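J.: Have a look at the structure that comes next, please.
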Amino acid sequence: MLGDFTYCNPTKLYFGKDALGGLNEELPKYGRNVLLVYGGGSVKKNGVYDKVREILKANGKRVFEDAGVMPNPTTEKLKEGVERARAAKADLILAVGGGSVCDYAKAVSVSVHCEEDPWEKYYIRFEEPSCEIVPVGCVLTMAGTGSEMNGGSVITNHAQKLKIGHVFGEEVFPKFSVLNPEFTFTVPRYQMISGIYDIMSHILEQYFSGTDDNTSDYIMEGMLRSFIHSADAAAENPLDYEARSNIMRTATWALNTFVAKGKTTDWEVHMLGQAVAAHTDATHGMTLAAVSLPYYRHILPYAPEKFKKYAVNVWNVNPAGKSDQEAAEEGLAAMENWMKKLGLVMRISELGATEEMIDGIVKSTLVMQGGYKVLTEDEIRAILKESL
Ligand code: NZQ
Ligand code: ZN
């Protein structure tokens with residue numbers, strides 16, 4: 001049965017080739033001091049940085065920079081960002097980059113006026129912010145995480161071997177996000193397909209939960225069909241605007257809280273992938289790809305009907321004369337072929353994980369309650385070994 005829910009998404013989206021012009025509408029709403037946050041330099045190479053700086057200048061902003069946000073942003077970098085934002089007396093944090101930059105900007109935004117240790121408060125105790133939050137805006141350059149229209153913020157603590165996401169409430173969502181699919185043209189192929197699998201995993205982890213006849217599941221099947229088609233087209237021709245725009249749009253709607261409303265969700269693949277990343281610092285989407293099939297094959301017997309529905313409605317498996325289990329397995333086999341063809345990493349050993357690391361990765365894996373089987377420690381170990 002469709003569960004009760006309230007829904008509000010406060011992020012204003014500017015989408016398309018002229019989306020950056022949206023900054024001219026947004027910037028006047030905030031004070032003069034802007035903390036411009038970006039990553040390792042891709043935005044300088046592809047020209048997005050210069051375009052943003054120009055618009056900031058035209059709007060009379062005083063710009064302070066916080067560069068060098070790494071993929072899988074760390075607690076150390078967060079500390080640095082908080083100091084910079086405080087020194088700048090930032091009225092707005094403008095994130096220009098991928099999910100890591102957007103996530104990091106949100107983490108800084110809730111920490112600038114917080115007197116406690118943000119890692120302990122938000123990522124260990126999962127408390128909500130009780131201080132003033134500095135507004136965040138995003139100019140997204142890579143499709144994948146959905147961070148541009150949600151409250152998610154994932155931070156890695158290497159000392160503790162933990163990579164943890166806090167899903168903050170609406171007050172932490174970006175106030176606005178600029179999405180120009182052309183900005184994603186320069187994303188290296190490895191990152192592009194990693195982002196593609198991240199999007200797929202976001203949809204699947206909301207889909208593979210619950211047994212009710214829920215509208216969200218139908219929406220997600222449609223999203224998957226369109227998305228697989230666009231992913232293939234982008235893999236063939238990375239400069240295919242239509243494919244890249246469909247991917248960018250799907251990424252946002254896959255994780256802007258819309259499809260999760262009124263239904264249960266799983267998220268165990270993300271917990272496994274994040275634990276792998278905590279030990280290897282591997283690329284997010286690839287960690288998900290490498291653990292997904294062992295996980296799905298493990299939980300399939302607990303929900304053969306749903307896996308059959310996925311096989312038939314997404315992978316065009318003909319169910320005639322087959323048991324639910326058989327049709328479901330055929331669906332996962334089709335998915336596996338597609339993943340391999342795309343070039344996704346299918347083994348965590350390729351990401352640097354070793355047999356000796358498995359116990360540590362098991363300890364770093366959070367156990368979720370919403371999937372078809374709540375995993376025991378032994379099951380987590382078995383899935384990780386299967387993924388090696
Ligand atoms: O650092 P730069 O030089 O900018 O290069 C980045 C980085 O090396 C590069 N890149 C981004 N846009 C580019 C580009 N290179 C060339 N041209 C462009 N246009 O791509 C690399 C990866 O960037 P990153 O931001 O790390 O990728 P992604 O968007 O996949 O973000 C991953 C982070 O988001 C978290 C992940 O855990 C990970 O830490 N997630 C956030 C979520 C959320 N907020 O809801 C949910 C997700 O499940 C995910 O966990
Ligand atoms: Zn993800």
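Please note that chains go A, B, ... in the order of the structure tokens, that every chain numbers its residues from 1, and that ligands are numbered from 1 in the order shown.
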Please, which residues have at least one atom within 7 Å of an atom of ligand 1, using only C-alpha atoms and all ligand atoms, listed as a CSV table (one decimal) with all heavy atoms, in the first residue's frame?
T.:
```csv
chain,number,residue,atom,x,y,z
A,38,TYR,N,35.6,24.0,-5.7
A,38,TYR,CA,35.7,23.1,-6.9
A,38,TYR,C,36.7,22.0,-6.6
A,38,TYR,O,37.3,22.0,-5.5
A,38,TYR,CB,36.0,23.9,-8.1
A,38,TYR,CG,37.2,24.8,-8.1
A,38,TYR,CD1,38.4,24.4,-8.6
A,38,TYR,CD2,37.1,26.1,-7.6
A,38,TYR,CE1,39.5,25.2,-8.6
A,38,TYR,CE2,38.2,27.0,-7.6
A,38,TYR,CZ,39.4,26.5,-8.1
A,38,TYR,OH,40.5,27.3,-8.1
A,39,GLY,N,36.9,21.2,-7.5
A,39,GLY,CA,37.8,20.0,-7.3
A,39,GLY,C,39.2,20.2,-7.7
A,39,GLY,O,39.9,21.2,-7.5
A,40,GLY,N,39.7,19.1,-8.5
A,40,GLY,CA,41.1,19.1,-8.8
A,40,GLY,C,41.5,19.8,-10.0
A,40,GLY,O,42.7,19.7,-10.5
A,41,GLY,N,40.6,20.6,-10.7
A,41,GLY,CA,41.0,21.4,-11.8
A,41,GLY,C,40.3,21.1,-13.1
A,41,GLY,O,40.5,21.9,-14.1
A,42,SER,N,39.4,20.1,-13.2
A,42,SER,CA,38.7,19.9,-14.4
A,42,SER,C,38.0,21.1,-14.9
A,42,SER,O,37.9,21.4,-16.1
A,42,SER,CB,37.8,18.7,-14.3
A,42,SER,OG,36.7,19.0,-13.5
A,43,VAL,N,37.4,21.9,-14.0
A,43,VAL,CA,36.6,23.0,-14.4
A,43,VAL,C,37.4,24.1,-15.0
A,43,VAL,O,36.9,25.0,-15.7
A,43,VAL,CB,35.7,23.6,-13.2
A,43,VAL,CG1,34.7,22.6,-12.8
A,43,VAL,CG2,36.6,24.0,-12.0
A,46,ASN,N,38.1,22.8,-18.7
A,46,ASN,CA,37.0,22.8,-19.7
A,46,ASN,C,36.3,24.1,-19.8
A,46,ASN,O,35.3,24.3,-20.5
A,46,ASN,CB,36.0,21.7,-19.4
A,46,ASN,CG,35.3,21.8,-18.0
A,46,ASN,OD1,35.4,22.9,-17.4
A,46,ASN,ND2,34.7,20.8,-17.5
A,68,GLY,N,40.4,22.0,-4.7
A,68,GLY,CA,41.1,20.7,-4.4
A,68,GLY,C,40.2,19.8,-3.6
A,68,GLY,O,40.7,18.9,-2.9
A,69,VAL,N,38.9,19.9,-3.8
A,69,VAL,CA,38.0,18.9,-3.2
A,69,VAL,C,38.2,17.6,-4.0
A,69,VAL,O,38.1,17.5,-5.2
A,69,VAL,CB,36.5,19.3,-3.3
A,69,VAL,CG1,35.6,18.2,-2.7
A,69,VAL,CG2,36.3,20.7,-2.6
A,70,MET,N,38.6,16.6,-3.3
A,70,MET,CA,38.9,15.3,-3.9
A,70,MET,C,37.7,14.4,-4.1
A,70,MET,O,36.7,14.6,-3.3
A,70,MET,CB,39.9,14.5,-3.1
A,70,MET,CG,39.5,14.1,-1.7
A,70,MET,SD,39.2,15.5,-0.5
A,70,MET,CE,40.9,16.0,-0.1
A,71,PRO,N,37.7,13.5,-5.0
A,71,PRO,CA,36.6,12.5,-5.1
A,71,PRO,C,36.6,11.8,-3.7
A,71,PRO,O,37.7,11.5,-3.1
A,71,PRO,CB,37.0,11.5,-6.2
A,71,PRO,CG,38.0,12.3,-7.0
A,71,PRO,CD,38.7,13.2,-6.1
A,72,ASN,N,35.5,11.5,-3.2
A,72,ASN,CA,35.4,10.9,-1.8
A,72,ASN,C,35.9,11.9,-0.8
A,72,ASN,O,37.0,11.7,-0.2
A,72,ASN,CB,36.1,9.6,-1.6
A,72,ASN,CG,35.6,8.5,-2.6
A,72,ASN,OD1,34.4,8.5,-2.9
A,72,ASN,ND2,36.4,7.6,-3.0
A,73,PRO,N,35.3,13.1,-0.7
A,73,PRO,CA,35.9,14.2,0.2
A,73,PRO,C,36.1,13.7,1.7
A,73,PRO,O,35.3,12.9,2.2
A,73,PRO,CB,34.9,15.3,0.1
A,73,PRO,CG,33.7,14.8,-0.6
A,73,PRO,CD,34.1,13.6,-1.3
A,97,GLY,N,31.3,21.5,-9.8
A,97,GLY,CA,31.9,20.2,-10.0
A,97,GLY,C,31.0,19.0,-9.9
A,97,GLY,O,29.8,19.2,-10.2
A,98,GLY,N,31.5,17.9,-9.6
A,98,GLY,CA,30.6,16.7,-9.5
A,98,GLY,C,30.0,16.5,-8.1
A,98,GLY,O,30.0,17.5,-7.3
A,99,GLY,N,29.6,15.3,-7.9
A,99,GLY,CA,28.9,15.0,-6.6
A,99,GLY,C,29.8,15.3,-5.4
A,99,GLY,O,29.3,15.7,-4.4
A,100,SER,N,31.1,15.0,-5.5
A,100,SER,CA,32.0,15.2,-4.4
A,100,SER,C,32.0,16.7,-4.0
A,100,SER,O,31.9,17.0,-2.8
A,100,SER,CB,33.4,14.7,-4.7
A,100,SER,OG,33.4,13.3,-4.9
A,101,VAL,N,32.0,17.5,-5.0
A,101,VAL,CA,32.1,19.0,-4.7
A,101,VAL,C,30.8,19.4,-4.0
A,101,VAL,O,30.7,20.2,-3.1
A,101,VAL,CB,32.5,19.8,-5.9
A,101,VAL,CG1,32.4,21.3,-5.7
A,101,VAL,CG2,33.9,19.4,-6.4
A,103,ASP,N,28.5,17.5,-2.4
A,103,ASP,CA,28.4,16.9,-1.1
A,103,ASP,C,29.2,17.7,-0.1
A,103,ASP,O,28.8,18.0,1.1
A,103,ASP,CB,28.9,15.5,-1.1
A,103,ASP,CG,27.9,14.5,-1.6
A,103,ASP,OD1,26.9,14.9,-2.3
A,103,ASP,OD2,28.1,13.3,-1.3
A,141,THR,N,28.9,19.4,-13.0
A,141,THR,CA,29.7,19.1,-14.2
A,141,THR,C,29.7,17.6,-14.5
A,141,THR,O,30.4,17.1,-15.4
A,141,THR,CB,31.1,19.6,-14.0
A,141,THR,OG1,31.8,18.9,-12.9
A,141,THR,CG2,31.2,21.1,-13.8
A,142,MET,N,29.1,16.8,-13.6
A,142,MET,CA,29.1,15.3,-13.8
A,142,MET,C,27.8,14.7,-13.4
A,142,MET,O,27.3,15.1,-12.3
A,142,MET,CB,30.3,14.8,-13.0
A,142,MET,CG,30.3,13.3,-13.0
A,142,MET,SD,31.7,12.5,-12.5
A,142,MET,CE,31.0,10.9,-12.2
A,143,ALA,N,27.2,13.9,-14.2
A,143,ALA,CA,25.9,13.3,-13.8
A,143,ALA,C,26.2,12.0,-13.0
A,143,ALA,O,27.0,11.2,-13.4
A,143,ALA,CB,25.1,13.0,-15.1
A,144,GLY,N,25.4,11.8,-12.0
A,144,GLY,CA,25.6,10.5,-11.2
A,144,GLY,C,24.8,10.6,-9.9
A,144,GLY,O,23.8,9.9,-9.7
A,145,THR,N,25.4,11.4,-9.0
A,145,THR,CA,25.0,11.2,-7.6
A,145,THR,C,23.6,11.7,-7.2
A,145,THR,O,22.9,11.3,-6.3
A,145,THR,CB,25.9,12.0,-6.6
A,145,THR,OG1,25.8,13.4,-6.9
A,145,THR,CG2,27.4,11.6,-6.9
A,146,GLY,N,23.1,12.7,-7.9
A,146,GLY,CA,21.8,13.4,-7.6
A,146,GLY,C,22.0,14.4,-6.5
A,146,GLY,O,21.0,15.1,-6.0
A,147,SER,N,23.2,14.6,-6.1
A,147,SER,CA,23.5,15.6,-5.0
A,147,SER,C,23.0,17.0,-5.3
A,147,SER,O,22.8,17.8,-4.4
A,147,SER,CB,25.1,15.6,-4.8
A,147,SER,OG,25.4,16.4,-3.7
A,150,ASN,N,19.3,17.1,-3.7
A,150,ASN,CA,19.0,16.3,-2.5
A,150,ASN,C,19.8,16.8,-1.3
A,150,ASN,O,20.7,17.7,-1.5
A,150,ASN,CB,19.1,14.8,-2.7
A,150,ASN,CG,20.5,14.3,-2.8
A,150,ASN,OD1,21.5,14.9,-2.3
A,150,ASN,ND2,20.7,13.3,-3.6
A,151,GLY,N,19.6,16.2,-0.2
A,151,GLY,CA,20.3,16.6,1.0
A,151,GLY,C,21.4,15.7,1.4
A,151,GLY,O,22.0,15.8,2.5
A,152,GLY,N,21.8,14.8,0.5
A,152,GLY,CA,22.8,13.8,0.7
A,152,GLY,C,24.2,14.5,0.8
A,152,GLY,O,24.5,15.4,0.0
A,153,SER,N,25.0,14.0,1.7
A,153,SER,CA,26.4,14.5,1.8
A,153,SER,C,27.2,13.4,2.4
A,153,SER,O,27.0,13.0,3.5
A,153,SER,CB,26.4,15.8,2.7
A,153,SER,OG,27.8,16.1,3.0
A,154,VAL,N,28.2,12.9,1.5
A,154,VAL,CA,29.0,11.7,1.9
A,154,VAL,C,30.4,12.2,2.2
A,154,VAL,O,31.0,12.8,1.4
A,154,VAL,CB,29.0,10.7,0.8
A,154,VAL,CG1,29.7,9.4,1.2
A,154,VAL,CG2,27.5,10.3,0.4
A,155,ILE,N,30.9,11.8,3.4
A,155,ILE,CA,32.2,12.2,3.8
A,155,ILE,C,33.0,10.9,4.2
A,155,ILE,O,32.4,10.0,4.8
A,155,ILE,CB,32.2,13.2,5.0
A,155,ILE,CG1,31.5,14.5,4.5
A,155,ILE,CG2,33.6,13.5,5.6
A,155,ILE,CD1,32.3,15.4,3.5
A,165,GLY,N,27.3,8.6,4.6
A,165,GLY,CA,26.5,9.6,4.0
A,165,GLY,C,25.4,10.1,5.1
A,165,GLY,O,24.8,9.2,5.7
A,183,PHE,N,28.4,20.5,-20.1
A,183,PHE,CA,29.5,20.5,-19.2
A,183,PHE,C,30.0,19.1,-18.8
A,183,PHE,O,31.1,19.0,-18.3
A,183,PHE,CB,29.0,21.2,-17.9
A,183,PHE,CG,28.8,22.7,-18.0
A,183,PHE,CD1,28.3,23.5,-16.9
A,183,PHE,CD2,29.1,23.4,-19.2
A,183,PHE,CE1,28.1,24.8,-17.0
A,183,PHE,CE2,28.8,24.7,-19.3
A,183,PHE,CZ,28.4,25.5,-18.2
A,184,THR,N,29.2,18.1,-19.1
A,184,THR,CA,29.6,16.7,-18.8
A,184,THR,C,30.4,16.1,-20.0
A,184,THR,O,30.9,15.0,-19.8
A,184,THR,CB,28.4,15.8,-18.5
A,184,THR,OG1,27.6,15.6,-19.7
A,184,THR,CG2,27.5,16.4,-17.4
A,185,PHE,N,30.5,16.8,-21.1
A,185,PHE,CA,31.1,16.2,-22.3
A,185,PHE,C,32.6,15.8,-22.0
A,185,PHE,O,33.1,14.9,-22.6
A,185,PHE,CB,31.1,17.2,-23.5
A,185,PHE,CG,29.8,17.2,-24.2
A,185,PHE,CD1,29.6,18.2,-25.2
A,185,PHE,CD2,28.7,16.4,-23.9
A,185,PHE,CE1,28.4,18.2,-25.9
A,185,PHE,CE2,27.5,16.4,-24.6
A,185,PHE,CZ,27.3,17.3,-25.6
A,186,THR,N,33.2,16.6,-21.1
A,186,THR,CA,34.7,16.4,-20.9
A,186,THR,C,34.9,15.3,-19.8
A,186,THR,O,36.1,15.0,-19.5
A,186,THR,CB,35.4,17.7,-20.5
A,186,THR,OG1,34.6,18.3,-19.4
A,186,THR,CG2,35.4,18.7,-21.6
A,187,VAL,N,33.9,14.8,-19.2
A,187,VAL,CA,34.1,13.8,-18.1
A,187,VAL,C,34.8,12.6,-18.7
A,187,VAL,O,34.3,12.0,-19.7
A,187,VAL,CB,32.7,13.4,-17.5
A,187,VAL,CG1,32.9,12.2,-16.5
A,187,VAL,CG2,32.0,14.5,-16.8
A,188,PRO,N,35.9,12.1,-18.1
A,188,PRO,CA,36.6,10.9,-18.7
A,188,PRO,C,35.7,9.7,-18.7
A,188,PRO,O,34.8,9.6,-17.9
A,188,PRO,CB,37.8,10.7,-17.7
A,188,PRO,CG,37.9,12.0,-16.9
A,188,PRO,CD,36.6,12.6,-16.9
A,191,GLN,N,34.9,7.8,-15.5
A,191,GLN,CA,34.0,8.5,-14.6
A,191,GLN,C,32.6,8.5,-15.2
A,191,GLN,O,31.6,8.4,-14.4
A,191,GLN,CB,34.5,9.9,-14.4
A,191,GLN,CG,35.8,10.1,-13.7
A,191,GLN,CD,35.8,9.6,-12.2
A,191,GLN,OE1,34.7,9.5,-11.6
A,191,GLN,NE2,36.9,9.3,-11.7
A,194,SER,N,31.0,5.2,-14.6
A,194,SER,CA,30.9,5.0,-13.1
A,194,SER,C,29.6,5.8,-12.7
A,194,SER,O,28.8,5.3,-11.9
A,194,SER,CB,32.1,5.6,-12.4
A,194,SER,OG,31.8,5.7,-11.0
A,195,GLY,N,29.5,7.0,-13.2
A,195,GLY,CA,28.3,7.8,-12.9
A,195,GLY,C,27.0,7.1,-13.4
A,195,GLY,O,26.0,7.1,-12.7
A,198,ASP,N,26.1,4.5,-11.0
A,198,ASP,CA,25.6,5.1,-9.8
A,198,ASP,C,24.1,5.4,-9.9
A,198,ASP,O,23.3,5.1,-9.0
A,198,ASP,CB,26.4,6.4,-9.5
A,198,ASP,CG,26.2,6.9,-8.1
A,198,ASP,OD1,25.7,6.1,-7.2
A,198,ASP,OD2,26.4,8.1,-7.9
A,202,HIS,N,21.0,3.8,-7.8
A,202,HIS,CA,20.1,4.6,-7.1
A,202,HIS,C,18.6,4.1,-7.4
A,202,HIS,O,17.8,4.0,-6.5
A,202,HIS,CB,20.2,6.1,-7.4
A,202,HIS,CG,21.5,6.6,-6.9
A,202,HIS,ND1,22.1,7.8,-7.4
A,202,HIS,CD2,22.4,6.2,-6.0
A,202,HIS,CE1,23.2,8.0,-6.8
A,202,HIS,NE2,23.5,7.0,-5.9
A,255,LEU,N,17.3,10.5,-7.6
A,255,LEU,CA,17.7,10.6,-6.2
A,255,LEU,C,17.3,12.0,-5.6
A,255,LEU,O,18.0,12.6,-4.8
A,255,LEU,CB,19.2,10.3,-5.9
A,255,LEU,CG,19.5,9.9,-4.5
A,255,LEU,CD1,18.7,8.8,-4.0
A,255,LEU,CD2,21.0,9.5,-4.4
A,270,HIS,N,24.7,0.3,-1.6
A,270,HIS,CA,25.5,1.5,-1.3
A,270,HIS,C,26.3,1.3,0.0
A,270,HIS,O,27.5,1.8,0.1
A,270,HIS,CB,24.6,2.8,-1.2
A,270,HIS,CG,24.6,3.6,-2.5
A,270,HIS,ND1,24.1,3.0,-3.6
A,270,HIS,CD2,25.1,4.8,-2.8
A,270,HIS,CE1,24.2,3.9,-4.6
A,270,HIS,NE2,24.8,5.0,-4.1
A,274,GLN,N,30.2,1.7,-0.2
A,274,GLN,CA,30.9,2.7,0.6
A,274,GLN,C,31.9,2.1,1.5
A,274,GLN,O,33.0,2.6,1.8
A,274,GLN,CB,29.9,3.5,1.4
A,274,GLN,CG,29.1,4.5,0.5
A,274,GLN,CD,28.0,5.2,1.2
A,274,GLN,OE1,27.1,5.8,0.6
A,274,GLN,NE2,28.0,5.3,2.6
A,284,HIS,N,33.3,5.9,-6.7
A,284,HIS,CA,32.0,5.5,-6.1
A,284,HIS,C,31.2,4.5,-7.0
A,284,HIS,O,30.8,3.4,-6.5
A,284,HIS,CB,31.1,6.7,-5.8
A,284,HIS,CG,29.8,6.5,-5.3
A,284,HIS,ND1,29.5,5.8,-4.2
A,284,HIS,CD2,28.5,6.7,-5.9
A,284,HIS,CE1,28.2,5.7,-4.0
A,284,HIS,NE2,27.6,6.2,-5.0
A,285,GLY,N,30.8,4.9,-8.2
A,285,GLY,CA,30.0,4.0,-9.0
A,285,GLY,C,30.6,2.6,-9.3
A,285,GLY,O,29.9,1.6,-9.4
```
J.: Which residues, written as a list in words, have at least one atom at most 10 Å from Thr211 of chain A, with only C-alpha atoms counted and residues fewer than 6 positions away on the same chain left out?
T.: Met1, Lys263, Thr264, Ala303, Glu305, Lys306 and Tyr372 of chain A
J.: Can you list, as a VMD selection string, all residues belonging to segment 298-360 of chain A that DSSP tags as helix (DSSP H, G or I)?
T.: chain A and resid 298 to 302 304 to 315 324 to 342 348 to 351 355 to 360
J.: With only C-alpha atoms and all ligand atoms as the atoms that count, which of A:Ile247, A:Val52, A:Ala289, A:Ala333 lies nearest to ligand 2?
T.: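 The closest residue to ligand 2 is A:Ala289.
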J.: One decimal, Å: what's the distance from atom CA of Leu224 of chain A over to atom CA of Lys175 of chain A, could you say?
T.: 27.6 Å
J.: Looking at A:Glu330, A:Tyr207, A:Ile199, A:Val259, which one is nearest to ligand 2, with distances taken over only C-alpha atoms and all ligand atoms?
T.: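 Between A:Glu330, A:Tyr207, A:Ile199, A:Val259, the residue approaching ligand 2 most closely is A:Ile199.
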J.: For a test of reading the model, state the distance in Å between atom CA of Leu288 of chain A and atom CA of Ile380 of chain A, rounded to one decimal.
T.: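 Calculated distance between atom CA of Leu288 of chain A and atom CA of Ile380 of chain A is 14.2 Å.
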J.: For a quick check of understanding, using only C-alpha atoms and all ligand atoms, which of A:Gly22, A:Pro304, A:Gly352, A:Gly273 has the smallest distance to ligand 2?
T.: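 Smallest distance to ligand 2 is found for A:Gly273.
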J.: Might you pull out every residue within 10 Å of Leu300 of chain A, with only C-alpha atoms counted and same-chain residues fewer than 5 positions away left off, and present them as an mmCIF file with N, CA, C and O atoms, in the first residue's frame?
T.:
```
data_model
loop_
_atom_site.group_PDB
_atom_site.id
_atom_site.type_symbol
_atom_site.label_atom_id
_atom_site.label_comp_id
_atom_site.auth_asym_id
_atom_site.auth_seq_id
_atom_site.Cartn_x
_atom_site.Cartn_y
_atom_site.Cartn_z
ATOM 1 N N PHE A 208 14.099 -2.345 -5.547
ATOM 2 C CA PHE A 208 14.124 -3.665 -4.907
ATOM 3 C C PHE A 208 13.841 -3.575 -3.409
ATOM 4 O O PHE A 208 14.678 -3.859 -2.563
ATOM 5 N N TYR A 295 25.299 -9.376 -4.649
ATOM 6 C CA TYR A 295 24.244 -9.019 -3.699
ATOM 7 C C TYR A 295 22.867 -9.404 -4.247
ATOM 8 O O TYR A 295 22.070 -10.055 -3.569
ATOM 9 N N GLU A 305 9.480 -12.830 -7.343
ATOM 10 C CA GLU A 305 8.460 -12.154 -8.187
ATOM 11 C C GLU A 305 8.920 -10.771 -8.623
ATOM 12 O O GLU A 305 8.721 -10.360 -9.767
ATOM 13 N N LYS A 306 9.541 -10.040 -7.692
ATOM 14 C CA LYS A 306 9.992 -8.677 -8.022
ATOM 15 C C LYS A 306 11.142 -8.727 -9.026
ATOM 16 O O LYS A 306 11.192 -7.937 -9.982
ATOM 17 N N PHE A 307 12.033 -9.695 -8.826
ATOM 18 C CA PHE A 307 13.156 -9.814 -9.761
ATOM 19 C C PHE A 307 12.667 -10.260 -11.147
ATOM 20 O O PHE A 307 13.240 -9.893 -12.166
ATOM 21 N N LYS A 308 11.594 -11.041 -11.154
ATOM 22 C CA LYS A 308 11.014 -11.436 -12.455
ATOM 23 C C LYS A 308 10.405 -10.197 -13.140
ATOM 24 O O LYS A 308 10.577 -9.985 -14.348
ATOM 25 N N GLN A 325 11.887 -17.720 -10.622
ATOM 26 C CA GLN A 325 13.337 -17.760 -10.365
ATOM 27 C C GLN A 325 14.140 -17.764 -11.682
ATOM 28 O O GLN A 325 15.102 -17.010 -11.835
ATOM 29 N N ALA A 328 13.832 -14.456 -13.450
ATOM 30 C CA ALA A 328 14.585 -13.452 -12.678
ATOM 31 C C ALA A 328 16.083 -13.591 -12.951
ATOM 32 O O ALA A 328 16.784 -12.588 -13.168
ATOM 33 N N GLU A 329 16.560 -14.826 -12.958
ATOM 34 C CA GLU A 329 18.003 -15.044 -13.202
ATOM 35 C C GLU A 329 18.396 -14.581 -14.607
ATOM 36 O O GLU A 329 19.476 -14.032 -14.815
ATOM 37 N N LEU A 332 18.945 -10.879 -14.499
ATOM 38 C CA LEU A 332 20.242 -10.482 -13.926
ATOM 39 C C LEU A 332 21.385 -10.797 -14.886
ATOM 40 O O LEU A 332 22.379 -10.068 -14.949
ATOM 41 N N TYR A 372 15.080 -6.971 0.869
ATOM 42 C CA TYR A 372 14.335 -8.234 0.965
ATOM 43 C C TYR A 372 14.932 -9.188 1.987
ATOM 44 O O TYR A 372 14.298 -10.146 2.391
ATOM 45 N N LYS A 373 16.161 -8.919 2.404
ATOM 46 C CA LYS A 373 16.793 -9.752 3.435
ATOM 47 C C LYS A 373 17.733 -8.849 4.231
ATOM 48 O O LYS A 373 18.619 -8.222 3.649
#
```
J.: From segment 134-352 of chain A, collect each residue whose DSSP state is strand (DSSP E) and return the set as a VMD selection string.
T.: chain A and resid 136 to 140 152 to 157 162 to 167 176 to 179
J.: Go ahead and save the residues from that selection, with C-alpha atoms, as a PDB file, in the first residue's frame.
T.:
```
ATOM      1  CA  VAL A 136      24.562  26.296  -1.207  1.00  0.00           C
ATOM      2  CA  GLY A 137      24.194  26.550  -4.977  1.00  0.00           C
ATOM      3  CA  CYS A 138      25.603  24.052  -7.493  1.00  0.00           C
ATOM      4  CA  VAL A 139      26.923  24.135 -11.028  1.00  0.00           C
ATOM      5  CA  LEU A 140      27.035  20.434 -11.825  1.00  0.00           C
ATOM      6  CA  GLY A 152      22.843  13.846   0.744  1.00  0.00           C
ATOM      7  CA  SER A 153      26.405  14.523   1.786  1.00  0.00           C
ATOM      8  CA  VAL A 154      28.962  11.712   1.923  1.00  0.00           C
ATOM      9  CA  ILE A 155      32.246  12.190   3.793  1.00  0.00           C
ATOM     10  CA  THR A 156      35.140   9.756   4.240  1.00  0.00           C
ATOM     11  CA  ASN A 157      37.160   9.360   7.417  1.00  0.00           C
ATOM     12  CA  LEU A 162      34.447   4.861   7.359  1.00  0.00           C
ATOM     13  CA  LYS A 163      32.658   6.462   4.425  1.00  0.00           C
ATOM     14  CA  ILE A 164      29.301   7.699   5.614  1.00  0.00           C
ATOM     15  CA  GLY A 165      26.459   9.645   4.047  1.00  0.00           C
ATOM     16  CA  HIS A 166      24.103  11.882   5.982  1.00  0.00           C
ATOM     17  CA  VAL A 167      20.820  12.555   4.239  1.00  0.00           C
ATOM     18  CA  PHE A 176      19.540  26.147  -6.896  1.00  0.00           C
ATOM     19  CA  SER A 177      21.419  23.924  -9.324  1.00  0.00           C
ATOM     20  CA  VAL A 178      22.650  24.626 -12.817  1.00  0.00           C
ATOM     21  CA  LEU A 179      22.638  21.578 -15.102  1.00  0.00           C
TER      22      LEU A 179
END
```
J.: In Å, rounded to a single decimal, give me how far atom CA of Asn9 of chain A is from atom CA of Lys106 of chain A.
T.: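 It comes out at 15.6 Å.
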J.: With distances taken over only C-alpha atoms and all ligand atoms, which residue among A:Glu205, A:Glu170, A:Asp217, A:Asp240 lies nearest ligand 2?
T.: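 Closest residue, counting only C-alpha atoms and all ligand atoms: A:Glu205.
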J.: Please list as a PyMOL selection string every residue within 12 Å of Ser109 of chain A, counting only C-alpha atoms and excluding residues in the same chain fewer than 4 positions away.
T.: chain A and resi 35+37+78-79+81-86+89-95+102-105+113-114+118+129+131-137+151+153+168+171-175
J.: From the set A:Glu268, A:Asp18, A:Asp4, A:Glu25, which residue has the shortest atom-to-atom contact distance to ligand 2, counting only C-alpha atoms and all ligand atoms?
T.: A:Glu268
J.: For ligand 2, which of A:Leu239, A:Val269, A:Leu344, A:Val312 is the closest residue, counting only C-alpha atoms and all ligand atoms?
T.: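 Between A:Leu239, A:Val269, A:Leu344, A:Val312, the residue approaching ligand 2 most closely is A:Val269.
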